[in-house]
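A.B. asks: For reference, the file upload.tsv (TSV, C-alpha atoms) is included below:
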```tsv
chain	number	residue	atom	x	y	z
A	1	MET	CA	-8.20	-25.72	-15.04
A	2	ASN	CA	-5.56	-25.52	-17.75
A	3	THR	CA	-6.90	-22.39	-19.36
A	4	SER	CA	-5.76	-19.01	-20.61
A	5	PRO	CA	-7.73	-15.88	-21.55
A	6	ALA	CA	-7.39	-16.92	-25.22
A	7	THR	CA	-9.29	-20.21	-24.67
A	8	ASN	CA	-11.39	-19.29	-21.62
A	9	PRO	CA	-12.85	-15.77	-21.39
A	10	ASP	CA	-13.14	-16.17	-17.59
A	11	ALA	CA	-9.44	-17.01	-17.04
A	12	LEU	CA	-7.24	-14.43	-15.36
A	13	SER	CA	-4.38	-12.89	-17.34
A	14	LYS	CA	-0.85	-13.94	-16.44
A	15	TYR	CA	-0.02	-10.45	-15.18
A	16	THR	CA	-3.11	-10.32	-12.94
A	17	VAL	CA	-2.15	-13.63	-11.32
A	18	SER	CA	1.59	-12.92	-11.15
A	19	PHE	CA	1.36	-9.42	-9.66
A	20	GLY	CA	-1.54	-10.48	-7.42
A	21	LEU	CA	0.60	-13.25	-5.91
A	22	ALA	CA	3.55	-10.83	-5.71
A	23	LEU	CA	1.32	-8.39	-3.78
A	24	ALA	CA	0.35	-11.12	-1.29
A	25	VAL	CA	3.94	-12.28	-0.72
A	26	THR	CA	5.42	-8.76	-0.55
A	27	SER	CA	2.80	-7.59	1.96
A	28	VAL	CA	3.96	-10.28	4.41
A	29	PHE	CA	7.64	-9.62	3.58
A	30	ASN	CA	7.09	-5.89	4.21
A	31	ALA	CA	5.70	-6.62	7.69
A	32	LEU	CA	8.41	-9.15	8.57
A	33	LEU	CA	11.05	-6.61	7.53
A	34	VAL	CA	9.52	-4.18	10.06
A	35	VAL	CA	9.99	-6.75	12.83
A	36	ALA	CA	13.49	-7.66	11.62
A	37	LYS	CA	14.79	-4.08	11.53
A	38	GLU	CA	13.10	-3.00	14.78
A	39	THR	CA	14.38	-6.02	16.72
A	40	HIS	CA	17.91	-5.80	15.23
A	41	GLN	CA	18.69	-2.10	15.61
A	42	THR	CA	22.47	-2.41	15.49
A	43	THR	CA	22.62	-4.75	12.50
A	44	VAL	CA	19.59	-4.72	10.14
A	45	MET	CA	18.35	-1.21	11.02
A	46	ALA	CA	21.87	0.26	10.95
A	47	TRP	CA	22.56	-1.32	7.55
A	48	MET	CA	19.22	-0.08	6.15
A	49	LYS	CA	20.04	3.45	7.34
A	50	ARG	CA	23.48	3.30	5.71
A	51	ALA	CA	22.14	1.91	2.40
A	52	THR	CA	20.06	4.96	1.41
A	53	GLY	CA	20.50	7.37	4.32
A	54	GLN	CA	17.00	6.58	5.69
A	55	HIS	CA	15.77	3.15	6.85
A	56	TRP	CA	12.24	3.81	5.58
A	57	ALA	CA	13.51	4.64	2.08
A	58	THR	CA	15.50	1.38	2.02
A	59	HIS	CA	12.45	-0.49	3.36
A	60	THR	CA	10.21	0.94	0.62
A	61	LEU	CA	12.80	0.22	-2.06
A	62	PHE	CA	13.19	-3.43	-0.94
A	63	SER	CA	9.43	-4.01	-0.92
A	64	LEU	CA	8.83	-2.38	-4.31
A	65	VAL	CA	11.76	-4.19	-5.97
A	66	LEU	CA	10.47	-7.51	-4.59
A	67	PHE	CA	6.91	-6.75	-5.76
A	68	LEU	CA	7.95	-5.79	-9.29
A	69	GLY	CA	10.70	-8.45	-9.57
A	70	LEU	CA	8.52	-11.28	-8.29
A	71	GLY	CA	5.58	-10.19	-10.47
A	72	LEU	CA	7.73	-10.14	-13.62
A	73	MET	CA	9.48	-13.40	-12.68
A	74	LEU	CA	6.21	-15.25	-12.04
A	75	ALA	CA	4.82	-14.01	-15.36
A	76	ARG	CA	7.71	-15.79	-17.12
A	77	THR	CA	7.06	-19.19	-15.49
A	78	ARG	CA	5.42	-22.09	-17.38
A	79	SER	CA	7.06	-21.08	-20.67
A	80	GLY	CA	5.79	-17.52	-20.39
A	81	GLN	CA	2.18	-18.45	-19.56
A	82	GLY	CA	2.54	-17.52	-15.90
A	83	PRO	CA	0.99	-19.34	-12.92
A	84	GLN	CA	-2.63	-20.47	-13.10
A	85	VAL	CA	-4.77	-19.66	-10.10
A	86	SER	CA	-8.53	-19.27	-9.79
A	87	ALA	CA	-9.96	-15.83	-8.98
A	88	ASP	CA	-11.18	-17.07	-5.57
A	89	ARG	CA	-7.74	-18.34	-4.58
A	90	LEU	CA	-6.02	-15.21	-5.86
A	91	VAL	CA	-8.38	-12.96	-3.88
A	92	LYS	CA	-7.86	-15.12	-0.76
A	93	ALA	CA	-4.08	-14.85	-1.20
A	94	ILE	CA	-4.18	-11.06	-1.70
A	95	VAL	CA	-6.60	-10.30	1.14
A	96	GLY	CA	-4.89	-12.85	3.40
A	97	GLY	CA	-1.44	-11.41	2.66
A	98	VAL	CA	-2.49	-7.80	3.22
A	99	VAL	CA	-4.48	-8.59	6.40
A	100	LEU	CA	-1.65	-10.71	7.83
A	101	GLY	CA	0.89	-8.00	6.95
A	102	GLY	CA	-1.28	-5.35	8.60
A	103	LEU	CA	-1.79	-7.46	11.73
A	104	ILE	CA	1.94	-8.09	12.10
A	105	ILE	CA	2.71	-4.34	11.78
A	106	PHE	CA	-0.08	-3.18	14.12
A	107	SER	CA	0.63	-5.91	16.69
A	108	TYR	CA	4.34	-5.16	16.70
A	109	TYR	CA	3.94	-1.43	17.40
A	110	LEU	CA	1.00	-1.97	19.78
A	111	PHE	CA	2.35	-4.81	21.94
A	112	TRP	CA	6.04	-5.50	21.36
A	113	ASP	CA	7.72	-2.18	20.61
B	1	MET	CA	7.98	25.56	-0.24
B	2	ASN	CA	5.88	25.88	2.91
B	3	ASN	CA	5.76	22.43	4.53
B	4	ASN	CA	2.03	22.83	5.27
B	5	ILE	CA	1.36	23.10	1.52
B	6	ILE	CA	3.39	19.93	0.97
B	7	LEU	CA	1.30	18.18	3.62
B	8	MET	CA	-1.99	19.38	2.11
B	9	ALA	CA	-0.84	18.20	-1.35
B	10	HIS	CA	-0.15	14.78	0.23
B	11	VAL	CA	-3.68	14.63	1.69
B	12	LEU	CA	-5.25	15.83	-1.58
B	13	CYS	CA	-3.46	13.12	-3.58
B	14	GLY	CA	-4.29	10.45	-0.96
B	15	VAL	CA	-7.99	11.34	-0.97
B	16	SER	CA	-7.97	11.41	-4.81
B	17	CYS	CA	-6.60	7.85	-4.73
B	18	LEU	CA	-9.39	6.83	-2.32
B	19	ILE	CA	-12.14	8.40	-4.45
B	20	GLY	CA	-10.63	6.85	-7.60
B	21	ALA	CA	-10.61	3.37	-6.05
B	22	LEU	CA	-14.22	3.79	-4.89
B	23	TRP	CA	-15.15	4.89	-8.42
B	24	VAL	CA	-13.44	1.79	-9.88
B	25	PHE	CA	-15.35	-0.43	-7.42
B	26	VAL	CA	-18.75	1.06	-8.32
B	27	ASP	CA	-18.05	1.14	-12.07
B	28	THR	CA	-16.83	-2.49	-11.98
B	29	VAL	CA	-20.06	-3.69	-10.32
B	30	ASN	CA	-21.88	-2.56	-13.48
B	31	ALA	CA	-19.01	-3.11	-15.94
B	32	ALA	CA	-20.08	-2.90	-19.59
B	33	PRO	CA	-17.90	-2.68	-22.72
B	34	VAL	CA	-18.66	1.06	-23.01
B	35	HIS	CA	-17.32	1.65	-19.44
B	36	LEU	CA	-14.03	-0.22	-19.77
B	37	TRP	CA	-11.94	2.77	-20.91
B	38	ARG	CA	-13.23	4.75	-17.91
B	39	ILE	CA	-12.48	1.99	-15.38
B	40	ARG	CA	-8.94	1.64	-16.79
B	41	ALA	CA	-8.36	5.41	-16.83
B	42	VAL	CA	-9.63	5.91	-13.26
B	43	SER	CA	-7.68	2.91	-11.90
B	44	LEU	CA	-4.53	4.34	-13.52
B	45	GLY	CA	-5.35	7.80	-12.16
B	46	SER	CA	-5.86	6.34	-8.68
B	47	ALA	CA	-2.42	4.67	-8.87
B	48	VAL	CA	-0.76	7.90	-10.08
B	49	ALA	CA	-2.46	9.86	-7.26
B	50	MET	CA	-1.17	7.35	-4.69
B	51	TRP	CA	2.37	7.45	-6.07
B	52	LEU	CA	2.29	11.25	-5.85
B	53	ALA	CA	0.88	11.07	-2.29
B	54	PHE	CA	3.62	8.59	-1.36
B	55	LEU	CA	6.50	10.56	-2.90
B	56	ILE	CA	5.31	13.84	-1.37
B	57	ALA	CA	4.89	12.10	2.01
B	58	GLY	CA	8.38	10.59	1.75
B	59	TYR	CA	9.90	14.01	1.06
B	60	TRP	CA	7.99	15.57	3.97
B	61	TYR	CA	8.68	12.64	6.33
B	62	ILE	CA	12.43	12.76	5.80
B	63	LEU	CA	12.84	16.55	5.80
B	64	PHE	CA	10.14	17.93	8.12
B	65	TYR	CA	8.69	15.16	10.29
B	66	PRO	CA	11.59	14.88	12.82
B	67	LYS	CA	10.52	18.27	14.32
B	68	ASP	CA	6.87	17.19	14.58
B	69	LYS	CA	7.96	13.87	16.07
B	70	ALA	CA	9.84	15.65	18.85
B	71	VAL	CA	6.75	17.79	19.55
B	72	ILE	CA	4.43	14.74	19.60
B	73	LEU	CA	6.68	12.77	21.96
B	74	LYS	CA	6.74	15.65	24.48
B	75	GLY	CA	2.94	16.06	24.31
B	76	PRO	CA	0.02	14.11	25.81
B	77	TRP	CA	-0.41	11.81	22.77
B	78	PRO	CA	2.97	10.05	22.25
B	79	MET	CA	1.03	7.14	20.68
B	80	ALA	CA	0.41	9.45	17.69
B	81	HIS	CA	4.02	8.72	16.77
B	82	ASN	CA	4.83	5.47	18.60
B	83	PHE	CA	1.89	3.56	17.16
B	84	PHE	CA	0.11	5.61	14.50
B	85	MET	CA	3.05	7.05	12.53
B	86	GLU	CA	5.25	3.97	12.94
B	87	SER	CA	2.40	1.75	11.66
B	88	LYS	CA	1.27	4.14	8.93
B	89	GLU	CA	4.68	4.60	7.35
B	90	HIS	CA	4.86	0.83	6.85
B	91	PHE	CA	1.30	-0.24	5.97
B	92	VAL	CA	1.03	2.43	3.25
B	93	ILE	CA	3.69	0.45	1.35
B	94	MET	CA	1.03	-2.30	1.02
B	95	LEU	CA	-1.48	0.34	-0.13
B	96	LEU	CA	1.01	1.59	-2.74
B	97	MET	CA	1.51	-1.94	-4.10
B	98	ALA	CA	-2.23	-2.74	-4.06
B	99	VAL	CA	-3.13	0.40	-6.00
B	100	THR	CA	-0.24	-0.23	-8.44
B	101	PHE	CA	-1.78	-3.68	-9.05
B	102	LEU	CA	-5.23	-2.19	-9.73
B	103	PRO	CA	-4.62	-0.97	-13.34
B	104	ILE	CA	-2.89	-4.30	-14.10
B	105	ALA	CA	-6.03	-6.21	-13.05
B	106	ALA	CA	-8.33	-3.63	-14.71
B	107	ALA	CA	-6.55	-4.12	-18.07
B	108	SER	CA	-8.64	-7.31	-18.60
B	109	ASP	CA	-12.03	-7.28	-20.29
B	110	LEU	CA	-14.06	-6.71	-17.12
B	111	ALA	CA	-17.37	-6.75	-18.99
B	112	ALA	CA	-16.85	-10.34	-20.22
B	113	ASN	CA	-14.43	-11.80	-17.64
B	114	ARG	CA	-16.14	-12.57	-14.31
B	115	SER	CA	-12.89	-13.69	-12.66
B	116	ALA	CA	-11.10	-10.44	-13.49
B	117	ARG	CA	-14.14	-8.48	-12.28
B	118	HIS	CA	-14.06	-10.43	-8.98
B	119	VAL	CA	-10.37	-9.58	-8.47
B	120	VAL	CA	-10.83	-5.88	-9.34
B	121	LEU	CA	-13.79	-5.56	-6.95
B	122	TRP	CA	-11.80	-7.04	-4.06
B	123	VAL	CA	-8.61	-5.10	-4.75
B	124	SER	CA	-10.39	-1.76	-5.24
B	125	GLY	CA	-12.33	-2.43	-2.01
B	126	LEU	CA	-9.06	-3.25	-0.24
B	127	VAL	CA	-7.52	0.00	-1.52
B	128	VAL	CA	-10.51	1.99	-0.20
B	129	VAL	CA	-10.19	0.40	3.26
B	130	LEU	CA	-6.40	0.89	3.40
B	131	ALA	CA	-6.68	4.49	2.17
B	132	LEU	CA	-9.37	5.27	4.76
B	133	GLY	CA	-7.09	3.77	7.42
B	134	ALA	CA	-4.16	5.89	6.21
B	135	ASP	CA	-6.40	8.96	6.25
B	136	PHE	CA	-7.51	8.24	9.83
B	137	PHE	CA	-3.96	7.54	11.03
B	138	GLY	CA	-2.79	10.78	9.39
B	139	ALA	CA	-5.53	12.69	11.22
B	140	VAL	CA	-4.43	11.20	14.57
B	141	ILE	CA	-0.79	12.16	13.86
B	142	GLY	CA	-1.89	15.73	13.06
B	143	MET	CA	-3.92	15.83	16.28
B	144	GLY	CA	-0.88	14.53	18.16
B	145	VAL	CA	1.02	17.66	17.11
B	146	LYS	CA	-1.96	19.93	17.80
B	147	VAL	CA	-2.64	18.72	21.36
B	148	ALA	CA	1.07	18.97	22.15
B	149	LEU	CA	1.09	22.63	21.09
B	150	LEU	CA	-2.08	23.63	22.95
B	151	PRO	CA	-1.45	25.85	25.99
B	152	LYS	CA	-1.55	23.84	29.21
```
Can you dump the structure from the file as structure tokens?
C.D. replies:
Amino acid sequence: MNTSPATNPDALSKYTVSFGLALAVTSVFNALLVVAKETHQTTVMAWMKRATGQHWATHTLFSLVLFLGLGLMLARTRSGQGPQVSADRLVKAIVGGVVLGGLIIFSYYLFWD
Amino acid sequence: MNNNIILMAHVLCGVSCLIGALWVFVDTVNAAPVHLWRIRAVSLGSAVAMWLAFLIAGYWYILFYPKDKAVILKGPWPMAHNFFMESKEHFVIMLLMAVTFLPIAAASDLAANRSARHVVLWVSGLVVVLALGADFFGAVIGMGVKVALLPK
């Protein structure tokens, strides 16, 4: 499976794989940050409010910086070739990450809040 | 600016993102070299529309929503804030990232590359589902304000 778009026309580009994986990871991080700030009002939530003046703005900023930073960082791995993942695995990671993130957010506000 | 116009601009941009993602999905099913520029342009347009929807929503949420929130919480549908708004304001961050990823994935040669086509189909489908969810949640939040203001 050691392929790149130059040698295999069906291989995914390094940016597709890197930002796809970053999307999966950041979706779960985004949801866990919801739980962390809501369950730690005096520490995490208070700090996030102080950082930008609005906890949601800080939350968005953290998630976007992680998404872009992780995507760019992963694209530089393996001497600039980026990680190699099949399309099936990448789709499973993206859909799994987004569904898990969604379930954590919905469950938290539905059952625990 | 009237805050209702801001809110309508938010909905217009959000729905444009949804239609754009649906367009990308359908065009990618039948991807041919002659369609590639259109798929890339629409996926980029969908991302721009979502960023606009998000920035407008952020402005409105910070400046105007606290008044609506107080109205909702005193009305018969407090869940419109406690569940729907609280969830929406956080899951749309995933939507924003997914639609930002769409033009990155669509930059590949979708006519020749089956793997890239597979990824674009799934991600555009995911964007459509998330955008529909955001649309529905937004409608419930709006109804939460409306039912709270109806005469008893």
A.B. asks: Report the distance between atom CA of Gly71 of chain A and atom CA of Leu12 of chain A in Å, rounded to one decimal place.
C.D. replies: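 Distance between the two atoms: 14.4 Å.
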A.B. asks: With chain B as the partner and 6 Å as the cut-off, tabulate the residues of chain A that qualify, each row holding the nearest pair of atoms and their distance in Å to one decimal, using all atoms listed in the file, sorted by chain and rising number, as JSON lines.
C.D. replies:
```
{"residue": "A:Pro9", "atom": "CA", "partner": "B:Asn113", "partner_atom": "CA", "distance": 5.7}
{"residue": "A:Asp10", "atom": "CA", "partner": "B:Asn113", "partner_atom": "CA", "distance": 4.6}
{"residue": "A:Leu12", "atom": "CA", "partner": "B:Ala116", "partner_atom": "CA", "distance": 5.9}
{"residue": "A:Thr16", "atom": "CA", "partner": "B:Ala105", "partner_atom": "CA", "distance": 5.0}
{"residue": "A:Ser27", "atom": "CA", "partner": "B:Met94", "partner_atom": "CA", "distance": 5.7}
{"residue": "A:Ala87", "atom": "CA", "partner": "B:Ser115", "partner_atom": "CA", "distance": 5.2}
{"residue": "A:Tyr109", "atom": "CA", "partner": "B:Phe83", "partner_atom": "CA", "distance": 5.4}
```
A.B. asks: Skipping near chain neighbours, those fewer than 4 positions away, what residues fall within 9 Å of segment 147-152 of chain B using all atoms listed in the file, listed as a ChimeraX atom specification?
C.D. replies: /B:71-77,142-143
A.B. asks: Can you work out which one of B:Ala57, B:Ala80, B:Val140, B:Val99 has the shortest atom-to-atom distance to Val11 of chain B, counting all atoms listed in the file?
C.D. replies: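 Closest to Val11 of chain B of all the choices is B:Ala57.
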A.B. asks: Measuring between all atoms listed in the file, which one of A:Val44, A:Ala11, A:Leu68, A:Ala75 shows the shortest distance to Thr26 of chain A?
C.D. replies: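 Result for the nearest residue to Thr26 of chain A: A:Leu68.
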A.B. asks: Go ahead and compute the interatomic distance for atom CA of Leu132 of chain B and atom CA of Val15 of chain B, in Å to one decimal.
C.D. replies: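 For atom CA of Leu132 of chain B relative to atom CA of Val15 of chain B, the distance reads 8.5 Å.
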A.B. asks: Between A:Gly80, A:Val85, A:Tyr108, A:Ala22, which has the minimum distance to Val65 of chain A (counting all atoms listed in the file)?
C.D. replies: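 Between A:Gly80, A:Val85, A:Tyr108, A:Ala22, the residue approaching Val65 of chain A most closely is A:Ala22.
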A.B. asks: Between atom CA of Val25 of chain A and atom CA of Thr77 of chain A, measure the distance and give it in Å to one decimal.
C.D. replies: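 Separating atom CA of Val25 of chain A from atom CA of Thr77 of chain A is a distance of 16.6 Å.
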A.B. asks: Choose the residue, out of A:His55, A:Ser79, A:Ala31, A:Leu74, that has the smallest atom-to-atom separation from Val99 of chain A; count all atoms listed in the file.
C.D. replies: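 Among the listed residues, the smallest separation from Val99 of chain A belongs to A:Ala31.
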A.B. asks: Under the rule that only C-alpha atoms are counted, which of B:Ile19, B:Val29, B:Leu55, B:Val129 is the nearest residue to Val42 of chain B?
C.D. replies: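 Among the listed residues, the smallest separation from Val42 of chain B belongs to B:Ile19.
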A.B. asks: Once you count all atoms listed in the file, which residues end up no further than 12 Å from (11.2, 20.2, 5.5) in the file's frame, shown as a list in words?
C.D. replies: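 Checked against the point, the hits come out as Met1, Asn2, Asn3, Asn4, Ile5, Ile6, Leu7, Ile56, Ala57, Gly58, Tyr59, Trp60, Tyr61, Ile62, Leu63, Phe64, Tyr65, Pro66, Lys67 and Asp68 of chain B.
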A.B. asks: Identify which of the residues B:Ala70, B:Val34, B:Val128, B:Ile39 lies closest to Ser16 of chain B, counting all atoms listed in the file when measuring atom-to-atom distances.
C.D. replies: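 So, comparing all the options, the nearest one is B:Val128.
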A.B. asks: Might you pull out every residue within 12 Å of segment 36-41 of chain A, with only C-alpha atoms counted and same-chain residues fewer than 2 positions away left off, and present them as a ChimeraX atom specification?
C.D. replies: /A:29-34,43-49,55-56,58-59,104-105,108-109,112-113 /B:86
A.B. asks: Tell me, as a list in words, which residues lie within 12 Å of Gln84 of chain A, counting only C-alpha atoms; anything in the same chain fewer than 2 positions away does not count.
C.D. replies: Met1, Asn2, Thr3, Ser4, Pro5, Ala11, Leu12, Ser13, Lys14, Tyr15, Thr16, Val17, Ser18, Gly20, Leu21, Leu74, Ala75, Thr77, Arg78, Gly80, Gln81, Gly82, Ser86, Ala87, Asp88, Arg89 and Leu90 of chain A
